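Asks: Attaching a single structure in structure tokens format; questions to follow.
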Amino acid sequence: MTTTTTIPRSDIDPYSDASILSPYEDYRRLRDLGPVVWLETHQVFAVARYREVYDALHDHTTFSSGSGVGLTETLNKAQKGSSFTSDPPYHDYVRGLVARHLKPKALEQFHDYIEGWAARLVDELIEKGTFDAVTDFAQAFPLAVVPDLLGWPVEEGKERLLEWATAGFNAFGPLNDRTKAGFPLLKEMSDFLQRMSIPGNLRPDSWGAQLVSDAKDGKIEEYLLPGLLGDFLAPSMDTSVSALSSMLWLLGSHPGQWDQIRADESLIPKAFNEIIRIESPLRGFTRLVTRERELGGLTLEPDARVLLLYGSANRDERHWTDPDTFDIHRPGVAQHVGFGHGIHGCVGQALSRLEGHSLLKALSTRVRSIEIGEPTWRLHNTIRGIASLPVTLRT
Amino acid sequence: MKLVVDRSRCEGHGLCEAVAPDLLRVDDGFATPVHDGDVPADQQDAAHSAVEMCPIAALRTA
């Protein structure tokens, strides 16, 4: 692969500890360098501006997912076959198998169940006094809801699931110590999913049991099952944990806007979008360029791997006014690319919104103020998020 | 100009309806263009916004 001389180069390493803990200044420098920047450390192109990230996501033929969406070719080989690491027409078929359960219409029947969980959790945390935003709130919720809907057997512990998901998403980054530390966990997860693919192991009438029974009836190839079950689990954990802990941090540090949400529940969807925009849980995914293509006036050659930085696009001053300001009234906030965009846009986004909106509703009807301490941030290759944050809910 | 929904992709997220309520309705889990998808002259900007907003590229103009 040849690099075009007109594309600026940079020694910024978005996967260094310093950049992970404080990414936004590096993202701004990458955006200012150009619409496409060659990252010398990782030998890939970075796309950090909103317009070009959006355009690449909407040209899925040129910017292909089929060879994987992670940073390194070695790790990409291990992640083939799921809906977000494939191209049409196979992609459309596999996505449909997952989306049939996760579409807004399909989720309607679970509104009361999820709102009930949200109300119970908020009541418990009010009782508890000071708690941790990550372990007690943000992890507790998706861990309670998603495995249950998928049909997780009651006798199986769920404590490993978060570690598996963390390992899975680290592996979209470079082959660094964080990624390597997750390899034994990925093996465990793979063994578990193989076991859950055996008929009778998942709870009857669950999403997962339906997939297993479709495979038994010949409607789905059996070898796809572990990957499909994994598609429900891994992407629904750390991403949600990040969004929900950022929710408490941002609303706790903007009490005036919290008062407005309490006074007007209709602000909840915009507020949730603004949380995803300003603290995008997913740093970004890569694509492989399949044919010569101009992006932002620069020419990309076939076989170039490009890292699309969603977290940077969502802070691009060329697209957003005052992008570093949290504003629940922000015009056009729903255009953020925090769930990705285009045919690979997050298949679980309706469930994510349902979780977020339900928790905001439960909080807004009960909690007068969200008192927060100092957050610390996670060291993770792909997920931007809080590691720990003390919170007290005052009624 | 017409708005066309790709029913094999549409998942009914409803973001198009939110920006162009006079042009699309989410009904029974799918976005459905009103007036057979014909976009009145004064609604063309709204139609483009709806296409841009669709999170999974299931909507286009023709």
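Order determines the names: the first chain of the structure tokens is A, the second B, and so forth; residues in each chain are numbered 1 upward, and ligands are numbered 1 upward as they are shown.
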Could you name the residues that touch Gln43 in chain B at 12 Å or less, counting only C-alpha atoms, but leaving out those on the same chain fewer than 4 positions away, as a ChimeraX atom specification?

Replies: /B:1-3,19-24,37-39,47-50

Asks: What are the closest atom pairs, with distances in Å to one decimal, for all residues of chain A lying within 12 Å of chain B? Consider only C-alpha atoms, order rows by chain and residue number, and present the result as JSON lines.

Replies:
```
{"residue": "A:Arg51", "atom": "CA", "partner": "B:Glu52", "partner_atom": "CA", "distance": 11.4}
{"residue": "A:Tyr54", "atom": "CA", "partner": "B:Glu52", "partner_atom": "CA", "distance": 9.3}
{"residue": "A:Asp55", "atom": "CA", "partner": "B:Glu52", "partner_atom": "CA", "distance": 10.3}
{"residue": "A:Leu57", "atom": "CA", "partner": "B:Ala57", "partner_atom": "CA", "distance": 9.4}
{"residue": "A:His58", "atom": "CA", "partner": "B:Ala57", "partner_atom": "CA", "distance": 7.1}
{"residue": "A:Asp59", "atom": "CA", "partner": "B:Ala57", "partner_atom": "CA", "distance": 9.9}
{"residue": "A:His60", "atom": "CA", "partner": "B:Ala57", "partner_atom": "CA", "distance": 10.2}
{"residue": "A:Pro88", "atom": "CA", "partner": "B:Arg9", "partner_atom": "CA", "distance": 11.2}
{"residue": "A:Pro89", "atom": "CA", "partner": "B:Ser8", "partner_atom": "CA", "distance": 11.3}
{"residue": "A:His91", "atom": "CA", "partner": "B:Arg9", "partner_atom": "CA", "distance": 10.9}
{"residue": "A:Asp92", "atom": "CA", "partner": "B:Arg9", "partner_atom": "CA", "distance": 7.7}
{"residue": "A:Tyr93", "atom": "CA", "partner": "B:Ser8", "partner_atom": "CA", "distance": 9.7}
{"residue": "A:Val94", "atom": "CA", "partner": "B:Arg9", "partner_atom": "CA", "distance": 11.9}
{"residue": "A:Arg95", "atom": "CA", "partner": "B:Arg9", "partner_atom": "CA", "distance": 9.4}
{"residue": "A:Gly96", "atom": "CA", "partner": "B:Arg9", "partner_atom": "CA", "distance": 8.4}
{"residue": "A:Val98", "atom": "CA", "partner": "B:Glu11", "partner_atom": "CA", "distance": 11.2}
{"residue": "A:Ala99", "atom": "CA", "partner": "B:Glu11", "partner_atom": "CA", "distance": 7.5}
{"residue": "A:Arg100", "atom": "CA", "partner": "B:Glu11", "partner_atom": "CA", "distance": 8.3}
{"residue": "A:His101", "atom": "CA", "partner": "B:Glu11", "partner_atom": "CA", "distance": 10.4}
{"residue": "A:Leu102", "atom": "CA", "partner": "B:Glu11", "partner_atom": "CA", "distance": 8.7}
{"residue": "A:Lys103", "atom": "CA", "partner": "B:Glu11", "partner_atom": "CA", "distance": 5.5}
{"residue": "A:Pro104", "atom": "CA", "partner": "B:His13", "partner_atom": "CA", "distance": 6.1}
{"residue": "A:Lys105", "atom": "CA", "partner": "B:Gly29", "partner_atom": "CA", "distance": 5.1}
{"residue": "A:Ala106", "atom": "CA", "partner": "B:Gly29", "partner_atom": "CA", "distance": 8.1}
{"residue": "A:Leu107", "atom": "CA", "partner": "B:Gly29", "partner_atom": "CA", "distance": 10.5}
{"residue": "A:Glu108", "atom": "CA", "partner": "B:Gly29", "partner_atom": "CA", "distance": 10.2}
{"residue": "A:Pro269", "atom": "CA", "partner": "B:Leu15", "partner_atom": "CA", "distance": 11.1}
{"residue": "A:Lys270", "atom": "CA", "partner": "B:Ala18", "partner_atom": "CA", "distance": 11.6}
{"residue": "A:Asn273", "atom": "CA", "partner": "B:Leu15", "partner_atom": "CA", "distance": 11.9}
{"residue": "A:Pro331", "atom": "CA", "partner": "B:Val19", "partner_atom": "CA", "distance": 11.3}
{"residue": "A:Gly332", "atom": "CA", "partner": "B:Met53", "partner_atom": "CA", "distance": 9.1}
{"residue": "A:Val333", "atom": "CA", "partner": "B:Met53", "partner_atom": "CA", "distance": 10.2}
{"residue": "A:Ala334", "atom": "CA", "partner": "B:Met53", "partner_atom": "CA", "distance": 7.3}
{"residue": "A:Gln335", "atom": "CA", "partner": "B:Met53", "partner_atom": "CA", "distance": 5.9}
{"residue": "A:His336", "atom": "CA", "partner": "B:Met53", "partner_atom": "CA", "distance": 9.1}
{"residue": "A:Val337", "atom": "CA", "partner": "B:Pro55", "partner_atom": "CA", "distance": 8.4}
{"residue": "A:Gly338", "atom": "CA", "partner": "B:Pro55", "partner_atom": "CA", "distance": 10.3}
{"residue": "A:Phe339", "atom": "CA", "partner": "B:Pro55", "partner_atom": "CA", "distance": 8.1}
{"residue": "A:Gly340", "atom": "CA", "partner": "B:Pro55", "partner_atom": "CA", "distance": 7.8}
{"residue": "A:His341", "atom": "CA", "partner": "B:Pro55", "partner_atom": "CA", "distance": 5.0}
{"residue": "A:Gly342", "atom": "CA", "partner": "B:Ile56", "partner_atom": "CA", "distance": 4.2}
{"residue": "A:Ile343", "atom": "CA", "partner": "B:Ile56", "partner_atom": "CA", "distance": 4.6}
{"residue": "A:His344", "atom": "CA", "partner": "B:Ile56", "partner_atom": "CA", "distance": 6.6}
{"residue": "A:Gly345", "atom": "CA", "partner": "B:Ile56", "partner_atom": "CA", "distance": 5.2}
{"residue": "A:Cys346", "atom": "CA", "partner": "B:Ile56", "partner_atom": "CA", "distance": 8.2}
{"residue": "A:Val347", "atom": "CA", "partner": "B:Ile56", "partner_atom": "CA", "distance": 8.7}
{"residue": "A:Gly348", "atom": "CA", "partner": "B:His13", "partner_atom": "CA", "distance": 10.7}
{"residue": "A:Gln349", "atom": "CA", "partner": "B:His13", "partner_atom": "CA", "distance": 8.6}
{"residue": "A:Ala350", "atom": "CA", "partner": "B:His13", "partner_atom": "CA", "distance": 6.9}
{"residue": "A:Leu351", "atom": "CA", "partner": "B:His13", "partner_atom": "CA", "distance": 10.6}
{"residue": "A:Ser352", "atom": "CA", "partner": "B:His13", "partner_atom": "CA", "distance": 11.9}
{"residue": "A:Arg353", "atom": "CA", "partner": "B:His13", "partner_atom": "CA", "distance": 10.3}
{"residue": "A:Leu354", "atom": "CA", "partner": "B:His13", "partner_atom": "CA", "distance": 11.5}
```

Asks: I need the residues from that last selection saved to file as a compact mmCIF listing (two decimals), in the first residue's frame (with C-alpha atoms), if you can.

Replies:
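Okay, selection36.txt is ready:
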```txt
# COMPACT_ATOMS: atom_id res chain seq x y z
CA ARG A 51 -18.47 15.07 7.53
CA TYR A 54 -20.45 10.31 8.08
CA ASP A 55 -19.65 10.01 4.36
CA LEU A 57 -20.11 5.24 6.99
CA HIS A 58 -22.67 5.89 4.24
CA ASP A 59 -20.49 4.43 1.49
CA HIS A 60 -20.31 0.87 2.77
CA PRO A 88 -24.08 -7.12 2.13
CA PRO A 89 -25.73 -9.37 1.18
CA HIS A 91 -24.61 -8.67 6.43
CA ASP A 92 -28.27 -7.97 5.75
CA TYR A 93 -29.20 -11.59 6.44
CA VAL A 94 -27.28 -11.83 9.73
CA ARG A 95 -28.33 -8.39 10.94
CA GLY A 96 -31.95 -9.29 10.31
CA VAL A 98 -30.57 -9.99 15.50
CA ALA A 99 -32.62 -6.92 14.55
CA ARG A 100 -35.93 -8.81 14.58
CA HIS A 101 -35.72 -8.81 18.40
CA LEU A 102 -34.16 -5.37 18.87
CA LYS A 103 -36.33 -3.13 16.66
CA PRO A 104 -38.40 -0.51 18.49
CA LYS A 105 -41.63 -2.33 17.59
CA ALA A 106 -40.29 -5.66 18.89
CA LEU A 107 -39.16 -4.03 22.13
CA GLU A 108 -42.56 -2.47 22.89
CA PRO A 269 -34.60 11.75 24.41
CA LYS A 270 -32.55 14.83 23.47
CA ASN A 273 -28.52 11.84 22.63
CA PRO A 331 -30.19 21.55 17.76
CA GLY A 332 -29.78 18.49 15.53
CA VAL A 333 -28.18 16.40 18.28
CA ALA A 334 -29.77 13.22 16.88
CA GLN A 335 -27.30 13.44 13.96
CA HIS A 336 -24.45 12.28 16.22
CA VAL A 337 -22.53 9.20 15.10
CA GLY A 338 -22.19 7.75 18.61
CA PHE A 339 -24.12 4.64 17.49
CA GLY A 340 -22.21 4.64 14.22
CA HIS A 341 -24.39 5.42 11.19
CA GLY A 342 -25.39 3.82 7.89
CA ILE A 343 -26.10 0.14 7.32
CA HIS A 344 -23.90 -0.90 10.25
CA GLY A 345 -25.50 1.61 12.66
CA CYS A 346 -25.84 0.03 16.13
CA VAL A 347 -28.45 -2.74 15.91
CA GLY A 348 -29.15 -2.36 19.64
CA GLN A 349 -29.70 1.39 19.63
CA ALA A 350 -33.42 1.11 20.38
CA LEU A 351 -32.68 -1.06 23.42
CA SER A 352 -29.95 1.35 24.49
CA ARG A 353 -32.38 4.27 24.22
CA LEU A 354 -35.04 2.33 26.09
```

Asks: Pick out each residue of range 133-344 of chain A that DSSP on the backbone tags as strand (DSSP E); I need them as a list of chain:residue names.

Replies: A:Gly284, A:Phe285, A:Thr286, A:Arg287, A:Leu288, A:Val289, A:Arg293, A:Glu294, A:Leu295, A:Leu298, A:Thr299, A:Leu300, A:Arg305, A:Val306, A:Leu307, A:Leu308, A:Leu309

Asks: Using DSSP assignments from the backbone, pull out every residue in range 177-207 of chain A that falls under helix (DSSP H, G or I) and give it to me as a PyMOL selection string.

Replies: chain A and resi 177-181+183-196+207

Asks: Might you pull out every residue within 8 Å of Asp26 in chain A, with only C-alpha atoms counted and same-chain residues fewer than 5 positions away left off, and present them as a VMD selection string?

Replies: chain A and resid 12 14 19

Asks: Next, write the just-selected residues to a file, as a tab-separated table (two decimals), in the first residue's frame, keeping N, CA, C and O atoms as the atom set.

Replies:
```
chain	number	residue	atom	x	y	z
A	12	ILE	N	0.65	11.21	16.68
A	12	ILE	CA	-0.34	11.04	17.76
A	12	ILE	C	-0.73	9.57	17.84
A	12	ILE	O	-1.00	8.93	16.82
A	14	PRO	N	-3.59	7.46	19.47
A	14	PRO	CA	-4.84	7.49	20.23
A	14	PRO	C	-4.98	6.34	21.21
A	14	PRO	O	-5.91	6.33	22.03
A	19	SER	N	-3.53	9.40	25.95
A	19	SER	CA	-4.58	9.81	25.01
A	19	SER	C	-5.92	9.16	25.38
A	19	SER	O	-6.98	9.78	25.23
```

Asks: When you look at Pro204 in chain A with a cut-off of 9 Å (counting only C-alpha atoms), what residues show up, excluding the ones that are within fewer than 5 positions of it in the same chain? I need them as a PDB file with N, CA, C and O atoms, in the first residue's frame.

Replies:
```
ATOM      1  N   GLY A 151     -31.985 -15.084  27.462  1.00  0.00           N
ATOM      2  CA  GLY A 151     -32.313 -16.427  27.944  1.00  0.00           C
ATOM      3  C   GLY A 151     -31.231 -17.083  28.776  1.00  0.00           C
ATOM      4  O   GLY A 151     -31.163 -18.309  28.893  1.00  0.00           O
ATOM      5  N   ALA A 209     -33.059 -18.683  22.658  1.00  0.00           N
ATOM      6  CA  ALA A 209     -33.659 -19.999  22.410  1.00  0.00           C
ATOM      7  C   ALA A 209     -34.324 -20.027  21.034  1.00  0.00           C
ATOM      8  O   ALA A 209     -34.323 -21.065  20.359  1.00  0.00           O
ATOM      9  N   GLN A 210     -34.875 -18.886  20.615  1.00  0.00           N
ATOM     10  CA  GLN A 210     -35.495 -18.851  19.287  1.00  0.00           C
ATOM     11  C   GLN A 210     -34.440 -19.057  18.184  1.00  0.00           C
ATOM     12  O   GLN A 210     -34.672 -19.775  17.210  1.00  0.00           O
TER      13      GLN A 210
END
```

Asks: Just to confirm, what's the straight-line distance from CA of Val241 in chain A to CA of Ala140 in chain A in Å (one decimal)?

Replies: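 Separating CA of Val241 in chain A from CA of Ala140 in chain A is a distance of 8.6 Å.
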
Asks: Arg25 in chain B: which residues within 8 Å, counting only C-alpha atoms, same-chain residues fewer than 5 positions away excluded, as a VMD selection string?

Replies: chain B and resid 14 17 31 to 34

Asks: I want to know what sits within 12 Å of Ala144 in chain A, based on only C-alpha atoms, with residues of the same chain fewer than 5 positions away left out; could you give that as a PyMOL selection string?

Replies: chain A and resi 113-114+116-118+120-121+136-139+149-152+154+157-159+161-162+233+236-237+355
